[in-house]
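Only one structure is covered here, and it is reproduced in the block below.
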Amino acid sequence: MTLRTALVSTLLCSALAVATPAIAKDALPGVGDVAPAFALRPFQAGLAASEGDEARSAVELDSVCGIRSPESTAAVLVMFVDDDGTQDLAVANAWHRRFHKEGLEIIAVSEVERPESFGAAVVRARYTFPVLDDRHHIVATRFGIDQAPFSLLLDRECRVVGMNNKSVASDQDNLGAAISLMLSQAKASRKTTRKAAKRR
């Protein structure tokens, strides 16, 4: 585990208990593991991937991290929300507006089983990141998550850096600090890489 991973993981996981009702601990990816791939349809038209007919209707995790990710990606927040998650989405939206240009990607996964009114509220809110419809809990099950709220912070390679079973709004200081740390470290790393390339 690198120092960066340890620091961010400590920030994000400080209050996370191993045996909590939100976690099926056998299936949950651990820190350093690659997060399971998924593709789901967003509530908002126009925020899906643009490659191929099938991709137009879905957002894929590996379009923001992993081998297909943009060079600019520094951190990915995957947040699972329920019908009480509007405050979490608002906090995440403020982060996305502020830090997207620095490499923050956000994907929200809705666990609302009857999402008609929730989906309409998402569309009205005009979030700048996709909110995906997981009403059948396919992605949550793949991640080993029994209930929302739950969030995972991933690096550019889709590896889990930290996770949290609190709502984003209630733990925004810790999560915001972890995101800021990842973004600043990615910026410093890019700067070092550019300097090294100039010396060659």
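Each chain of the structure tokens is named A, B, ... in the order shown, its residues numbered from 1; ligands are numbered from 1 in display order.
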| request: as number ranges by chain, please: all residues of region 40-187 of chain A that backbone DSSP puts in strand (DSSP E or B). | output: A: 40, 42, 59-60, 75-81, 104-110, 131-133, 145, 150-154, 159-164
| request: Pick out each residue of region 54-174 of chain A that DSSP on the backbone tags as helix (DSSP H, G or I); I need them as a PyMOL selection string. | output: chain A and resi 54-56+61-63+86-102+116-125+138-143+172-174
Expected file: the selected residues, N, CA and C atoms, as a short mmCIF file (atom, residue, chain, number, x, y, z; two decimals), in the first residue's frame:
data_model
loop_
_atom_site.label_atom_id
_atom_site.label_comp_id
_atom_site.auth_asym_id
_atom_site.auth_seq_id
_atom_site.Cartn_x
_atom_site.Cartn_y
_atom_site.Cartn_z
N GLU A 54 -25.29 0.87 -28.20
CA GLU A 54 -25.58 0.35 -26.87
C GLU A 54 -25.03 1.27 -25.80
N ALA A 55 -23.83 1.79 -26.01
CA ALA A 55 -23.19 2.64 -25.02
C ALA A 55 -23.92 3.96 -24.84
N ARG A 56 -24.64 4.43 -25.88
CA ARG A 56 -25.34 5.71 -25.74
C ARG A 56 -26.39 5.67 -24.64
N LEU A 61 -18.50 2.26 -15.80
CA LEU A 61 -17.46 2.67 -14.86
C LEU A 61 -16.12 2.82 -15.57
N ASP A 62 -15.82 1.89 -16.49
CA ASP A 62 -14.50 1.97 -17.12
C ASP A 62 -14.39 3.03 -18.20
N SER A 63 -15.41 3.88 -18.32
CA SER A 63 -15.25 5.05 -19.19
C SER A 63 -14.67 6.23 -18.41
N THR A 86 -31.04 12.98 -1.77
CA THR A 86 -30.97 14.24 -2.51
C THR A 86 -29.93 15.21 -1.93
N GLN A 87 -29.78 15.21 -0.62
CA GLN A 87 -28.76 16.08 -0.01
C GLN A 87 -27.36 15.59 -0.39
N ASP A 88 -27.16 14.28 -0.42
CA ASP A 88 -25.87 13.72 -0.85
C ASP A 88 -25.56 14.11 -2.29
N LEU A 89 -26.57 14.04 -3.14
CA LEU A 89 -26.38 14.40 -4.55
C LEU A 89 -26.05 15.88 -4.69
N ALA A 90 -26.66 16.72 -3.87
CA ALA A 90 -26.38 18.16 -3.93
C ALA A 90 -24.93 18.45 -3.51
N VAL A 91 -24.46 17.78 -2.46
CA VAL A 91 -23.07 17.96 -2.02
C VAL A 91 -22.12 17.49 -3.11
N ALA A 92 -22.40 16.32 -3.69
CA ALA A 92 -21.56 15.78 -4.76
C ALA A 92 -21.56 16.70 -5.97
N ASN A 93 -22.70 17.30 -6.27
CA ASN A 93 -22.79 18.20 -7.42
C ASN A 93 -21.90 19.43 -7.22
N ALA A 94 -21.89 19.95 -6.00
CA ALA A 94 -21.02 21.10 -5.71
C ALA A 94 -19.55 20.72 -5.90
N TRP A 95 -19.17 19.53 -5.42
CA TRP A 95 -17.80 19.05 -5.62
C TRP A 95 -17.49 18.89 -7.10
N HIS A 96 -18.42 18.30 -7.83
CA HIS A 96 -18.17 18.04 -9.26
C HIS A 96 -17.98 19.34 -10.02
N ARG A 97 -18.82 20.32 -9.74
CA ARG A 97 -18.68 21.63 -10.41
C ARG A 97 -17.33 22.27 -10.08
N ARG A 98 -16.91 22.10 -8.85
CA ARG A 98 -15.67 22.75 -8.40
C ARG A 98 -14.41 22.02 -8.87
N PHE A 99 -14.46 20.68 -8.86
CA PHE A 99 -13.23 19.90 -9.06
C PHE A 99 -13.17 19.07 -10.34
N HIS A 100 -14.19 19.14 -11.17
CA HIS A 100 -14.18 18.29 -12.37
C HIS A 100 -12.97 18.59 -13.26
N LYS A 101 -12.64 19.85 -13.41
CA LYS A 101 -11.50 20.22 -14.25
C LYS A 101 -10.17 19.75 -13.66
N GLU A 102 -10.16 19.45 -12.36
CA GLU A 102 -8.95 18.94 -11.71
C GLU A 102 -8.88 17.42 -11.74
N GLU A 116 -39.71 6.48 -10.12
CA GLU A 116 -40.37 7.44 -11.00
C GLU A 116 -40.21 8.88 -10.50
N SER A 117 -40.62 9.14 -9.26
CA SER A 117 -40.53 10.52 -8.75
C SER A 117 -39.08 10.90 -8.46
N PHE A 118 -38.28 9.94 -7.98
CA PHE A 118 -36.86 10.21 -7.72
C PHE A 118 -36.15 10.57 -9.02
N GLY A 119 -36.40 9.79 -10.08
CA GLY A 119 -35.78 10.06 -11.37
C GLY A 119 -36.17 11.41 -11.93
N ALA A 120 -37.45 11.77 -11.77
CA ALA A 120 -37.91 13.08 -12.24
C ALA A 120 -37.21 14.20 -11.47
N ALA A 121 -37.01 14.01 -10.16
CA ALA A 121 -36.31 15.01 -9.34
C ALA A 121 -34.85 15.14 -9.78
N VAL A 122 -34.23 14.03 -10.14
CA VAL A 122 -32.84 14.04 -10.62
C VAL A 122 -32.75 14.85 -11.91
N VAL A 123 -33.67 14.63 -12.81
CA VAL A 123 -33.66 15.36 -14.09
C VAL A 123 -33.86 16.85 -13.84
N ARG A 124 -34.79 17.21 -12.95
CA ARG A 124 -35.04 18.62 -12.64
C ARG A 124 -33.82 19.29 -12.01
N ALA A 125 -33.08 18.53 -11.21
CA ALA A 125 -31.93 19.10 -10.49
C ALA A 125 -30.76 19.40 -11.41
N ILE A 138 -28.54 -4.66 -8.99
CA ILE A 138 -27.53 -5.51 -9.65
C ILE A 138 -26.12 -5.03 -9.32
N VAL A 139 -25.89 -3.74 -9.44
CA VAL A 139 -24.55 -3.21 -9.17
C VAL A 139 -24.25 -3.25 -7.68
N ALA A 140 -25.24 -2.90 -6.85
CA ALA A 140 -25.02 -2.96 -5.40
C ALA A 140 -24.66 -4.37 -4.96
N THR A 141 -25.32 -5.37 -5.52
CA THR A 141 -25.01 -6.76 -5.18
C THR A 141 -23.61 -7.12 -5.64
N ARG A 142 -23.23 -6.68 -6.82
CA ARG A 142 -21.89 -6.96 -7.33
C ARG A 142 -20.83 -6.34 -6.43
N PHE A 143 -21.14 -5.18 -5.84
CA PHE A 143 -20.19 -4.51 -4.96
C PHE A 143 -20.28 -5.03 -3.52
N GLN A 172 -19.09 14.86 4.87
CA GLN A 172 -18.47 15.57 3.75
C GLN A 172 -17.10 16.14 4.08
N ASP A 173 -16.80 16.41 5.36
CA ASP A 173 -15.47 16.93 5.70
C ASP A 173 -14.39 15.88 5.42
N ASN A 174 -14.60 14.64 5.91
CA ASN A 174 -13.62 13.57 5.68
C ASN A 174 -13.51 13.22 4.20
#
| When distances are computed from only C-alpha atoms, which of A:Ala188, A:Ile179, A:Val78, A:Leu132 shows the smallest separation from Val64 (chain A)? |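 Using only C-alpha atoms, Val64 (chain A) sits closest to A:Val78.
Using only C-alpha atoms for every distance, the candidate list A:Ala39, A:Arg126, A:Ala75, A:Gly85 yields A:Ala75 as the residue closest to Gln185 (chain A).
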| request: For CA of Phe80 (chain A) and CA of Val109 (chain A), determine how far apart the two atoms are, in Å to one decimal place. | output: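 Going from CA of Phe80 (chain A) over to CA of Val109 (chain A) covers 4.7 Å.
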| task | Could you please determine the separation between CA of Asn164 (chain A) and CA of Leu152 (chain A) in Å, to one decimal place? | result | 6.5 Å
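With CA of Ser110 (chain A) on one side and CA of Asp82 (chain A) on the other, the separation reads 5.9 Å.
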| request: Rank nothing, just name the residue among A:Pro149, A:Gly30, A:Pro36, A:Pro42 nearest to Glu111 (chain A), using only C-alpha atoms. | output: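 Closest to Glu111 (chain A) of all the choices is A:Pro149.
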